[in-house]
$ cat data-v6.pdb   # PDB, C-alpha atoms
ATOM      1  CA  MET A   1     192.176 147.506  71.767
ATOM      2  CA  ASN A   2     193.270 144.090  70.590
ATOM      3  CA  THR A   3     195.743 142.543  72.947
ATOM      4  CA  MET A   4     199.340 142.629  71.868
ATOM      5  CA  HIS A   5     201.639 140.487  73.937
ATOM      6  CA  MET A   6     204.517 142.878  74.150
ATOM      7  CA  ASN A   7     206.733 144.281  76.811
ATOM      8  CA  GLY A   8     209.479 146.816  77.149
ATOM      9  CA  GLU A   9     210.012 150.329  75.928
ATOM     10  CA  HIS A  10     209.308 149.631  72.281
ATOM     11  CA  ASP A  11     206.139 147.773  73.009
ATOM     12  CA  GLU A  12     204.954 150.766  74.984
ATOM     13  CA  LYS A  13     205.852 153.016  72.074
ATOM     14  CA  LEU A  14     203.799 150.867  69.719
ATOM     15  CA  LEU A  15     200.810 150.885  72.045
ATOM     16  CA  LYS A  16     201.078 154.665  72.429
ATOM     17  CA  ALA A  17     201.288 155.169  68.674
ATOM     18  CA  PHE A  18     198.244 153.040  67.976
ATOM     19  CA  GLY A  19     196.474 154.673  70.908
ATOM     20  CA  TYR A  20     197.167 158.055  69.386
ATOM     21  CA  LEU A  21     195.642 157.008  66.073
ATOM     22  CA  ARG A  22     192.545 155.776  67.860
ATOM     23  CA  THR A  23     191.870 159.294  69.118
ATOM     24  CA  ILE A  24     191.785 160.830  65.646
ATOM     25  CA  THR A  25     188.369 161.900  64.412
ATOM     26  CA  PRO A  26     187.202 163.976  61.464
ATOM     27  CA  SER A  27     186.055 167.521  62.204
ATOM     28  CA  GLU A  28     182.342 168.218  62.603
ATOM     29  CA  GLU A  29     182.574 170.781  59.806
ATOM     30  CA  PHE A  30     183.945 168.183  57.383
ATOM     31  CA  ARG A  31     181.470 165.554  58.545
ATOM     32  CA  GLY A  32     178.443 167.748  57.753
ATOM     33  CA  ARG A  33     179.813 169.221  54.533
ATOM     34  CA  ALA A  34     180.778 165.833  53.088
ATOM     35  CA  ARG A  35     177.456 164.301  54.085
ATOM     36  CA  ARG A  36     175.438 166.996  52.285
ATOM     37  CA  SER A  37     177.642 166.795  49.216
ATOM     38  CA  ILE A  38     177.480 162.984  48.985
ATOM     39  CA  LEU A  39     173.718 162.737  49.410
ATOM     40  CA  ALA A  40     173.179 165.382  46.716
ATOM     41  CA  HIS A  41     174.450 162.868  44.148
ATOM     42  CA  PRO A  42     172.107 160.357  42.531
ATOM     43  CA  GLN A  43     172.755 156.665  43.083
ATOM     44  CA  ASN A  44     173.864 154.488  40.172
ATOM     45  CA  VAL A  45     170.922 152.556  38.820
ATOM     46  CA  ARG A  46     171.800 148.972  38.073
ATOM     47  CA  THR A  47     170.774 148.294  34.467
ATOM     48  CA  PRO A  48     171.120 144.713  33.252
ATOM     49  CA  LEU A  49     173.630 144.346  30.407
ATOM     50  CA  VAL A  50     170.980 143.057  27.989
ATOM     51  CA  LEU A  51     168.953 146.268  28.443
ATOM     52  CA  ARG A  52     172.002 148.327  27.628
ATOM     53  CA  LEU A  53     172.694 146.338  24.447
ATOM     54  CA  PHE A  54     169.236 146.091  22.850
ATOM     55  CA  PRO A  55     166.327 148.527  22.396
ATOM     56  CA  ARG A  56     163.377 147.828  24.676
ATOM     57  CA  ARG A  57     160.952 147.155  21.793
ATOM     58  CA  ILE A  58     163.143 144.380  20.358
ATOM     59  CA  LEU A  59     163.410 142.809  23.778
ATOM     60  CA  TRP A  60     159.633 142.857  24.260
ATOM     61  CA  THR A  61     159.071 141.185  20.869
ATOM     62  CA  ALA A  62     161.740 138.575  21.537
ATOM     63  CA  THR A  63     160.322 137.902  25.002
ATOM     64  CA  ALA A  64     156.761 137.511  23.663
ATOM     65  CA  GLY A  65     157.948 135.150  20.895
ATOM     66  CA  ALA A  66     159.999 133.075  23.308
ATOM     67  CA  THR A  67     157.046 132.873  25.719
ATOM     68  CA  ALA A  68     154.674 131.675  22.975
ATOM     69  CA  LEU A  69     157.207 129.051  21.885
ATOM     70  CA  LEU A  70     157.638 127.871  25.459
ATOM     71  CA  VAL A  71     153.852 127.597  25.909
ATOM     72  CA  MET A  72     153.590 125.453  22.766
ATOM     73  CA  ILE A  73     156.454 123.212  23.836
ATOM     74  CA  GLY A  74     154.924 122.976  27.304
ATOM     75  CA  ALA A  75     151.521 122.032  25.906
ATOM     76  CA  TYR A  76     153.083 119.345  23.737
ATOM     77  CA  LEU A  77     155.053 117.931  26.640
ATOM     78  CA  ALA A  78     152.013 118.073  28.913
ATOM     79  CA  VAL A  79     150.082 115.474  26.819
ATOM     80  CA  PRO A  80     150.842 112.031  28.276
ATOM     81  CA  ARG A  81     152.715 109.578  26.076
ATOM     82  CA  ALA A  82     150.041 106.857  26.656
ATOM     83  CA  GLN A  83     147.343 109.190  25.440
ATOM     84  CA  LEU A  84     149.346 109.941  22.315
ATOM     85  CA  ALA A  85     149.735 106.186  21.662
ATOM     86  CA  PHE A  86     146.019 105.603  22.231
ATOM     87  CA  GLU A  87     145.152 108.436  19.859
ATOM     88  CA  SER A  88     147.383 107.036  17.137
ATOM     89  CA  GLU A  89     145.758 103.601  17.506
ATOM     90  CA  LYS A  90     142.352 105.253  17.308
ATOM     91  CA  LEU A  91     143.376 107.051  14.140
ATOM     92  CA  ILE A  92     144.555 103.815  12.495
ATOM     93  CA  ARG A  93     141.300 102.111  13.464
ATOM     94  CA  GLU A  94     139.256 104.974  12.040
ATOM     95  CA  ALA A  95     141.294 104.901   8.846
ATOM     96  CA  ASN A  96     140.706 101.192   8.508
ATOM     97  CA  GLU A  97     136.969 101.647   9.082
ATOM     98  CA  ILE A  98     136.814 104.333   6.400
ATOM     99  CA  GLU A  99     138.666 102.056   3.990
ATOM    100  CA  PHE A 100     136.295  99.189   4.774
ATOM    101  CA  SER A 101     133.205 101.326   4.212
ATOM    102  CA  VAL A 102     134.650 102.585   0.918
ATOM    103  CA  LYS A 103     135.103  98.976  -0.187
ATOM    104  CA  LEU A 104     131.508  98.150   0.802
ATOM    105  CA  ASN A 105     130.218 101.142  -1.145
ATOM    106  CA  GLU A 106     132.288 100.117  -4.136
ATOM    107  CA  ALA A 107     130.932  96.580  -4.012
ATOM    108  CA  LYS A 108     127.380  97.882  -3.721
ATOM    109  CA  TYR A 109     127.988 100.204  -6.659
ATOM    110  CA  PHE A 110     129.372  97.439  -8.842
ATOM    111  CA  GLU A 111     126.484  95.181  -7.892
ATOM    112  CA  GLU A 112     123.883  97.850  -8.743
ATOM    113  CA  SER A 113     125.682  99.082 -11.836
ATOM    114  CA  ALA A 114     126.077  95.511 -13.162
ATOM    115  CA  GLU A 115     122.338  95.006 -12.978
ATOM    116  CA  VAL A 116     121.694  98.318 -14.763
ATOM    117  CA  VAL A 117     124.292  97.521 -17.401
ATOM    118  CA  SER A 118     122.842  94.032 -18.046
ATOM    119  CA  VAL A 119     119.337  95.475 -18.443
ATOM    120  CA  ALA A 120     120.669  98.115 -20.833
ATOM    121  CA  LEU A 121     122.529  95.471 -22.826
ATOM    122  CA  GLU A 122     119.454  93.292 -23.040
ATOM    123  CA  ARG A 123     117.467  96.264 -24.289
ATOM    124  CA  LEU A 124     120.121  97.081 -26.837
ATOM    125  CA  ALA A 125     120.232  93.499 -28.056
ATOM    126  CA  ALA A 126     116.419  93.391 -28.355
ATOM    127  CA  SER A 127     116.333  96.618 -30.313
ATOM    128  CA  GLU A 128     119.028  95.376 -32.685
ATOM    129  CA  SER A 129     117.133  92.111 -33.322
ATOM    130  CA  ASP A 130     114.003  94.140 -34.096
TER
ATOM    131  CA  MET B   1     178.313 146.440  63.612
ATOM    132  CA  LEU B   2     175.497 148.957  63.785
ATOM    133  CA  ASP B   3     172.121 147.914  65.254
ATOM    134  CA  GLY B   4     169.676 147.039  62.468
ATOM    135  CA  GLU B   5     172.459 147.489  59.943
ATOM    136  CA  ALA B   6     171.044 145.048  57.387
ATOM    137  CA  GLN B   7     167.766 146.963  57.280
ATOM    138  CA  LEU B   8     169.552 150.314  57.024
ATOM    139  CA  ILE B   9     171.561 148.993  54.086
ATOM    140  CA  ARG B  10     168.442 147.660  52.315
ATOM    141  CA  LYS B  11     166.667 151.006  52.702
ATOM    142  CA  ALA B  12     169.756 152.978  51.660
ATOM    143  CA  GLN B  13     170.015 150.759  48.597
ATOM    144  CA  ARG B  14     166.562 152.009  47.614
ATOM    145  CA  GLY B  15     167.744 155.612  47.959
ATOM    146  CA  ASP B  16     166.847 156.360  51.596
ATOM    147  CA  THR B  17     169.265 159.181  52.460
ATOM    148  CA  ALA B  18     168.458 159.138  56.187
ATOM    149  CA  CYS B  19     169.451 155.473  56.446
ATOM    150  CA  PHE B  20     172.663 156.053  54.529
ATOM    151  CA  GLY B  21     173.283 159.025  56.840
ATOM    152  CA  GLU B  22     173.202 156.687  59.839
ATOM    153  CA  LEU B  23     175.696 154.342  58.192
ATOM    154  CA  TYR B  24     177.862 157.332  57.294
ATOM    155  CA  ASP B  25     177.837 158.728  60.841
ATOM    156  CA  HIS B  26     178.776 155.351  62.274
ATOM    157  CA  TYR B  27     181.551 154.428  59.852
ATOM    158  CA  LEU B  28     183.079 157.794  58.896
ATOM    159  CA  PRO B  29     185.334 158.086  61.989
ATOM    160  CA  LYS B  30     186.729 154.556  61.500
ATOM    161  CA  ILE B  31     187.314 154.956  57.785
ATOM    162  CA  TYR B  32     188.764 158.446  58.269
ATOM    163  CA  ARG B  33     191.148 157.159  60.946
ATOM    164  CA  TYR B  34     192.376 154.369  58.682
ATOM    165  CA  ILE B  35     192.919 156.805  55.799
ATOM    166  CA  PHE B  36     194.641 159.366  58.026
ATOM    167  CA  ALA B  37     197.051 156.727  59.324
ATOM    168  CA  LYS B  38     197.942 155.904  55.731
ATOM    169  CA  VAL B  39     198.324 159.410  54.252
ATOM    170  CA  ASN B  40     199.234 161.448  57.356
ATOM    171  CA  HIS B  41     197.570 164.554  56.062
ATOM    172  CA  ARG B  42     194.239 166.023  57.169
ATOM    173  CA  GLU B  43     193.107 167.432  53.825
ATOM    174  CA  TYR B  44     194.065 164.334  51.864
ATOM    175  CA  ALA B  45     192.340 162.180  54.447
ATOM    176  CA  GLU B  46     189.185 164.290  54.118
ATOM    177  CA  ASP B  47     189.260 164.190  50.321
ATOM    178  CA  ILE B  48     189.732 160.430  50.262
ATOM    179  CA  ALA B  49     187.084 159.805  52.941
ATOM    180  CA  HIS B  50     184.674 161.901  50.891
ATOM    181  CA  GLU B  51     185.433 159.838  47.783
ATOM    182  CA  VAL B  52     184.982 156.592  49.711
ATOM    183  CA  PHE B  53     181.507 157.466  50.960
ATOM    184  CA  LEU B  54     180.502 158.981  47.637
ATOM    185  CA  ALA B  55     181.486 155.736  45.873
ATOM    186  CA  ALA B  56     179.666 153.739  48.563
ATOM    187  CA  TRP B  57     176.471 155.799  48.165
ATOM    188  CA  LYS B  58     176.536 155.623  44.363
ATOM    189  CA  ASN B  59     177.296 151.911  44.192
ATOM    190  CA  LEU B  60     175.175 150.786  47.111
ATOM    191  CA  PRO B  61     172.322 149.463  44.883
ATOM    192  CA  GLY B  62     174.836 146.924  43.539
ATOM    193  CA  TYR B  63     176.176 145.924  46.975
ATOM    194  CA  ARG B  64     175.562 142.287  47.925
ATOM    195  CA  GLU B  65     176.277 140.887  51.379
ATOM    196  CA  ARG B  66     178.681 137.969  50.917
ATOM    197  CA  GLY B  67     179.317 136.802  54.457
ATOM    198  CA  TYR B  68     181.491 139.781  55.400
ATOM    199  CA  PRO B  69     180.417 142.886  57.296
ATOM    200  CA  PHE B  70     179.501 146.074  55.458
ATOM    201  CA  SER B  71     182.576 147.729  56.980
ATOM    202  CA  SER B  72     184.861 145.351  55.043
ATOM    203  CA  TRP B  73     183.323 146.687  51.832
ATOM    204  CA  LEU B  74     183.988 150.271  52.946
ATOM    205  CA  TYR B  75     187.591 149.499  53.918
ATOM    206  CA  ARG B  76     188.137 147.890  50.529
ATOM    207  CA  ILE B  77     186.875 151.032  48.795
ATOM    208  CA  ALA B  78     189.102 153.124  51.068
ATOM    209  CA  ARG B  79     192.132 150.984  50.291
ATOM    210  CA  ASN B  80     191.538 151.329  46.543
ATOM    211  CA  GLU B  81     191.003 155.087  46.856
ATOM    212  CA  ILE B  82     194.300 155.432  48.744
ATOM    213  CA  ILE B  83     196.087 153.452  46.026
ATOM    214  CA  ASP B  84     194.488 155.718  43.382
ATOM    215  CA  HIS B  85     195.471 158.768  45.404
ATOM    216  CA  TYR B  86     199.147 157.794  45.388
ATOM    217  CA  ARG B  87     199.024 156.786  41.743
ATOM    218  CA  LEU B  88     197.334 159.969  40.506
ATOM    219  CA  GLU B  89     198.730 162.586  42.838
ATOM    220  CA  LYS B  90     202.227 161.117  42.943
ATOM    221  CA  HIS B  91     202.167 162.144  46.570
ATOM    222  CA  HIS B  92     204.175 160.198  49.081
ATOM    223  CA  ALA B  93     203.310 160.622  52.704
ATOM    224  CA  ASN B  94     206.103 161.739  54.902
ATOM    225  CA  VAL B  95     206.176 161.567  58.639
ATOM    226  CA  ASP B  96     207.201 165.244  58.714
ATOM    227  CA  GLU B  97     203.855 166.177  57.229
ATOM    228  CA  LEU B  98     202.039 164.930  60.266
ATOM    229  CA  ASP B  99     199.814 167.774  61.349
ATOM    230  CA  PRO B 100     199.009 167.447  65.063
ATOM    231  CA  ASP B 101     197.013 170.680  65.099
ATOM    232  CA  ALA B 102     194.633 169.378  62.526
ATOM    233  CA  VAL B 103     193.584 166.298  64.420
ATOM    234  CA  HIS B 104     191.163 166.283  67.268
ATOM    235  CA  LEU B 105     192.488 164.607  70.330
ATOM    236  CA  ALA B 106     190.487 163.766  73.364
ATOM    237  CA  SER B 107     193.504 163.851  75.656
ATOM    238  CA  ALA B 108     195.379 166.705  77.307
ATOM    239  CA  ALA B 109     198.058 168.665  75.450
ATOM    240  CA  GLU B 110     201.086 167.006  77.052
ATOM    241  CA  ARG B 111     199.747 163.559  76.599
ATOM    242  CA  GLU B 112     198.796 164.519  73.064
ATOM    243  CA  LEU B 113     202.349 165.545  72.279
ATOM    244  CA  ASP B 114     203.726 162.391  73.828
ATOM    245  CA  LEU B 115     201.360 160.228  71.825
ATOM    246  CA  SER B 116     201.995 162.206  68.696
ATOM    247  CA  LEU B 117     205.757 161.751  69.061
ATOM    248  CA  ALA B 118     205.266 158.031  69.643
ATOM    249  CA  TRP B 119     203.246 157.860  66.460
ATOM    250  CA  ARG B 120     205.916 159.761  64.517
ATOM    251  CA  THR B 121     208.558 157.247  65.612
ATOM    252  CA  VAL B 122     206.383 154.243  64.905
ATOM    253  CA  LYS B 123     205.177 155.668  61.609
ATOM    254  CA  GLU B 124     208.772 156.077  60.478
ATOM    255  CA  ALA B 125     209.467 152.430  61.270
ATOM    256  CA  MET B 126     206.179 151.366  59.679
ATOM    257  CA  ASN B 127     207.130 153.025  56.401
ATOM    258  CA  GLU B 128     209.691 150.274  55.979
ATOM    259  CA  LEU B 129     207.055 147.546  56.176
ATOM    260  CA  THR B 130     205.145 146.406  53.095
ATOM    261  CA  ASP B 131     201.862 148.127  52.318
ATOM    262  CA  GLU B 132     199.916 144.989  53.262
ATOM    263  CA  GLU B 133     201.743 144.616  56.579
ATOM    264  CA  ARG B 134     200.942 148.238  57.431
ATOM    265  CA  ASP B 135     197.299 147.605  56.540
ATOM    266  CA  VAL B 136     197.169 144.532  58.769
ATOM    267  CA  LEU B 137     198.567 146.448  61.765
ATOM    268  CA  LEU B 138     196.301 149.468  61.306
ATOM    269  CA  LEU B 139     193.151 147.466  60.685
ATOM    270  CA  ARG B 140     193.829 145.108  63.582
ATOM    271  CA  PHE B 141     195.147 147.473  66.268
ATOM    272  CA  VAL B 142     193.653 150.835  65.363
ATOM    273  CA  ASN B 143     190.373 149.866  63.732
ATOM    274  CA  ASP B 144     189.767 146.684  65.775
ATOM    275  CA  LEU B 145     188.904 144.448  62.846
ATOM    276  CA  THR B 146     189.064 140.682  63.357
ATOM    277  CA  PRO B 147     191.569 138.647  61.297
ATOM    278  CA  LYS B 148     188.618 137.399  59.209
ATOM    279  CA  GLU B 149     187.502 140.962  58.467
ATOM    280  CA  VAL B 150     191.059 142.039  57.634
ATOM    281  CA  ALA B 151     191.316 139.038  55.309
ATOM    282  CA  ALA B 152     188.137 140.199  53.523
ATOM    283  CA  VAL B 153     189.541 143.710  53.086
ATOM    284  CA  LEU B 154     192.886 142.529  51.746
ATOM    285  CA  GLY B 155     191.564 139.577  49.743
ATOM    286  CA  LYS B 156     193.780 137.142  51.702
ATOM    287  CA  SER B 157     193.108 134.089  53.822
ATOM    288  CA  GLU B 158     192.637 134.451  57.561
ATOM    289  CA  GLY B 159     195.759 132.351  58.168
ATOM    290  CA  ALA B 160     197.823 134.577  55.898
ATOM    291  CA  VAL B 161     196.655 137.635  57.840
ATOM    292  CA  ARG B 162     197.693 136.090  61.160
ATOM    293  CA  VAL B 163     201.134 135.257  59.772
ATOM    294  CA  MET B 164     201.532 138.782  58.339
ATOM    295  CA  GLN B 165     200.475 140.321  61.646
ATOM    296  CA  HIS B 166     203.036 138.309  63.618
ATOM    297  CA  ARG B 167     205.797 139.049  61.119
ATOM    298  CA  ALA B 168     204.918 142.771  60.934
ATOM    299  CA  ILE B 169     205.031 143.239  64.722
ATOM    300  CA  GLN B 170     208.380 141.465  65.034
ATOM    301  CA  ASP B 171     209.768 143.465  62.134
ATOM    302  CA  LEU B 172     208.445 146.740  63.525
ATOM    303  CA  LYS B 173     210.007 146.096  66.937
ATOM    304  CA  ARG B 174     213.341 145.257  65.337
ATOM    305  CA  ARG B 175     213.225 148.514  63.349
ATOM    306  CA  LEU B 176     212.365 150.552  66.437
ATOM    307  CA  VAL B 177     215.372 149.111  68.268
ATOM    308  CA  LYS B 178     217.552 149.785  65.229
ATOM    309  CA  ASN B 179     216.310 153.385  64.860
ATOM    310  CA  ASP B 180     216.944 154.076  68.549
ATOM    311  CA  SER B 181     220.503 152.791  68.480
TER
END

$ encode --input "data-v6.pdb" --output "C-alpha cells"
Amino acid sequence: MNTMHMNGEHDEKLLKAFGYLRTITPSEEFRGRARRSILAHPQNVRTPLVLRLFPRRILWTATAGATALLVMIGAYLAVPRAQLAFESEKLIREANEIEFSVKLNEAKYFEESAEVVSVALERLAASESD
Amino acid sequence: MLDGEAQLIRKAQRGDTACFGELYDHYLPKIYRYIFAKVNHREYAEDIAHEVFLAAWKNLPGYRERGYPFSSWLYRIARNEIIDHYRLEKHHANVDELDPDAVHLASAAERELDLSLAWRTVKEAMNELTDEERDVLLLRFVNDLTPKEVAAVLGKSEGAVRVMQHRAIQDLKRRLVKNDS
C-alpha cells in the first residue's frame, strides 16, 4: 500500500478501511459469466469517416483520377528546368531554320519562274509580230 | 503492468479473445474493487464492471497508447460508467447498503467485521468529499496507482492530483474526528 504518513486512532481507521477495500474481489461465478458474455460480442470495426460518407465506387474513381493527375504533375516537375530551356532554344533554332529554308525555296522559285515567264513572253511577242 | 502487455493488447485489438481474456483476468479485480468502493453494492458493481470490459473489448481496435498505461484507459471507462449509472439509475449509494456477505474477504470473520466497520465509518466521512477527491484516495490507496496514472484517469495534472490527495486526507481526518465527537 502507498505510504500515508498518519498516526493516531483515525489514521488507523483510514488504513483499516482502505485495507478492507483491498481485500474485495469479484466472485468466480461472475468472473466467468461476464467473460463469456463479453467475448461473445463482436468488436467495433474502425471505419474511416470518408468510407462512411461516400460509396466505395465513387471513392475508387476519385482515387484513380487523383493518382493520374499526380503522376502527370510529377512527370512535369521531374523534367529539369535547364532541359526545358534548352528545348525551347532548340525549337526556336529549328523554327528559324525552317523559315530560312522556306525563303531559299521561294527565291529559287522566283528565279526559275522568272526565266520561264521571260521565255513565254518572248514567245508571245514573237508570235504577235508574226 | 502485465508481462507482455503491449503484445497482448495488439493481438486483442485484432480480435484475439484469449489475449483479451488475459487482460480481463488481470484487471477485473482492480476495476471491480474501484467500482465497488464507489457504489457499495455487489450487483451494481458487477453490472458496471461488465459494462466496462464490454466497452473495452468493443472499442479496443480504436485504442491508442498515449504514454499512459492501459489500466488508466480502463479506469477512465469505469469512471464514466459510474457517472452514467448514477445519472440513469438515479441511485445514490448509501453506506447502509454495504453488503459484507457479498464480498469475498481473505481474512478471518472477526477481522472482517472490524475492517468492514472501519470502512463504513470512513465511507460515511468520504461521502462528504468531492467526487474527484474520493477518486484520488481510492485510486491512490486502494488501487495503488501513481499520481501520474491518477492524473491520466481524472484528466488533471500530476501536481493537481498531489494537492487534491493532501487536501482530501486532511479533510477526511477532520470529518472522522467530528463524526466521533

$ resolve_selection --input "data-v6.pdb" --expression "the PyMOL selection byres ((chain B) within 8 of (chain A))" --output "VMD selection string"
chain B and resid 15 17 21 24 28 to 29 32 to 33 37 46 50 53 to 54 57 to 62 103 to 106 112 115 to 120 122 138 140 to 144 173 176 to 177

$ atom_distance --input "data-v6.pdb" --atom1 "CA of Arg175 in chain B" --atom2 "CA of Arg42 in chain B"
26.6 Å

$ residues_near_point --input "data-v6.pdb" --point "(180.9, 152.8, 63.5)" --cutoff "7 Å" --atoms "all atoms listed in the file" --output "PyMOL selection string"
chain B and resi 1-2+26-27+30

$ atom_distance --input "data-v6.pdb" --atom1 "CA of Met126 in chain B" --atom2 "CA of Ser157 in chain B"
22.4 Å

$ atom_distance --input "data-v6.pdb" --atom1 "CA of Cys19 in chain B" --atom2 "CA of Val52 in chain B"
17.0 Å

$ resolve_selection --input "data-v6.pdb" --expression "the PyMOL selection byres ((chain B and resi 147) around 12)" --output "MDAnalysis selection string"
(chainID A and resid 2) or (chainID B and resid 68 72 135:141 143:146 148:166)

$ closest_residue --input "data-v6.pdb" --among "B:Ala18, B:Val39, B:Ala55, B:Ala125" --to "Asp171 in chain B" --atoms "all atoms listed in the file"
B:Ala125

$ axis_aligned_box --input "data-v6.pdb" --around "range 6-25 of chain A" --padding-each-side "4 Å" --output "AutoDock Vina command-line options"
--center_x 199.2 --center_y 152.4 --center_z 70.8 --size_x 29.6 --size_y 27.0 --size_z 20.7

$ decode --input "data-v6.pdb" --residues "range 33-44 of chain B" --atoms "N, CA and C atoms" --output "PDB file, in the first residue's frame"
ATOM      1  N   ARG B  33     -12.924  -3.590  -7.752  1.00  0.00           N
ATOM      2  CA  ARG B  33     -12.691  -3.026  -6.414  1.00  0.00           C
ATOM      3  C   ARG B  33     -12.971  -1.520  -6.415  1.00  0.00           C
ATOM      4  N   TYR B  34     -12.479  -0.860  -7.446  1.00  0.00           N
ATOM      5  CA  TYR B  34     -12.678   0.591  -7.567  1.00  0.00           C
ATOM      6  C   TYR B  34     -14.179   0.901  -7.688  1.00  0.00           C
ATOM      7  N   ILE B  35     -14.872   0.117  -8.516  1.00  0.00           N
ATOM      8  CA  ILE B  35     -16.305   0.346  -8.719  1.00  0.00           C
ATOM      9  C   ILE B  35     -17.074   0.064  -7.424  1.00  0.00           C
ATOM     10  N   PHE B  36     -16.714  -1.048  -6.764  1.00  0.00           N
ATOM     11  CA  PHE B  36     -17.405  -1.418  -5.531  1.00  0.00           C
ATOM     12  C   PHE B  36     -17.266  -0.313  -4.483  1.00  0.00           C
ATOM     13  N   ALA B  37     -16.057   0.244  -4.384  1.00  0.00           N
ATOM     14  CA  ALA B  37     -15.825   1.300  -3.393  1.00  0.00           C
ATOM     15  C   ALA B  37     -16.682   2.526  -3.687  1.00  0.00           C
ATOM     16  N   LYS B  38     -17.016   2.708  -4.965  1.00  0.00           N
ATOM     17  CA  LYS B  38     -17.815   3.868  -5.347  1.00  0.00           C
ATOM     18  C   LYS B  38     -19.314   3.633  -5.160  1.00  0.00           C
ATOM     19  N   VAL B  39     -19.794   2.410  -5.501  1.00  0.00           N
ATOM     20  CA  VAL B  39     -21.249   2.191  -5.472  1.00  0.00           C
ATOM     21  C   VAL B  39     -21.727   1.408  -4.257  1.00  0.00           C
ATOM     22  N   ASN B  40     -20.779   0.706  -3.593  1.00  0.00           N
ATOM     23  CA  ASN B  40     -21.126  -0.021  -2.356  1.00  0.00           C
ATOM     24  C   ASN B  40     -22.217  -1.069  -2.524  1.00  0.00           C
ATOM     25  N   HIS B  41     -22.262  -1.685  -3.648  1.00  0.00           N
ATOM     26  CA  HIS B  41     -23.330  -2.651  -3.880  1.00  0.00           C
ATOM     27  C   HIS B  41     -22.807  -3.704  -4.860  1.00  0.00           C
ATOM     28  N   ARG B  42     -22.868  -4.966  -4.452  1.00  0.00           N
ATOM     29  CA  ARG B  42     -22.277  -6.044  -5.241  1.00  0.00           C
ATOM     30  C   ARG B  42     -22.863  -6.139  -6.653  1.00  0.00           C
ATOM     31  N   GLU B  43     -24.185  -6.137  -6.754  1.00  0.00           N
ATOM     32  CA  GLU B  43     -24.792  -6.318  -8.076  1.00  0.00           C
ATOM     33  C   GLU B  43     -24.520  -5.141  -8.991  1.00  0.00           C
ATOM     34  N   TYR B  44     -24.591  -3.929  -8.447  1.00  0.00           N
ATOM     35  CA  TYR B  44     -24.276  -2.758  -9.270  1.00  0.00           C
ATOM     36  C   TYR B  44     -22.821  -2.815  -9.721  1.00  0.00           C
TER      37      TYR B  44
END
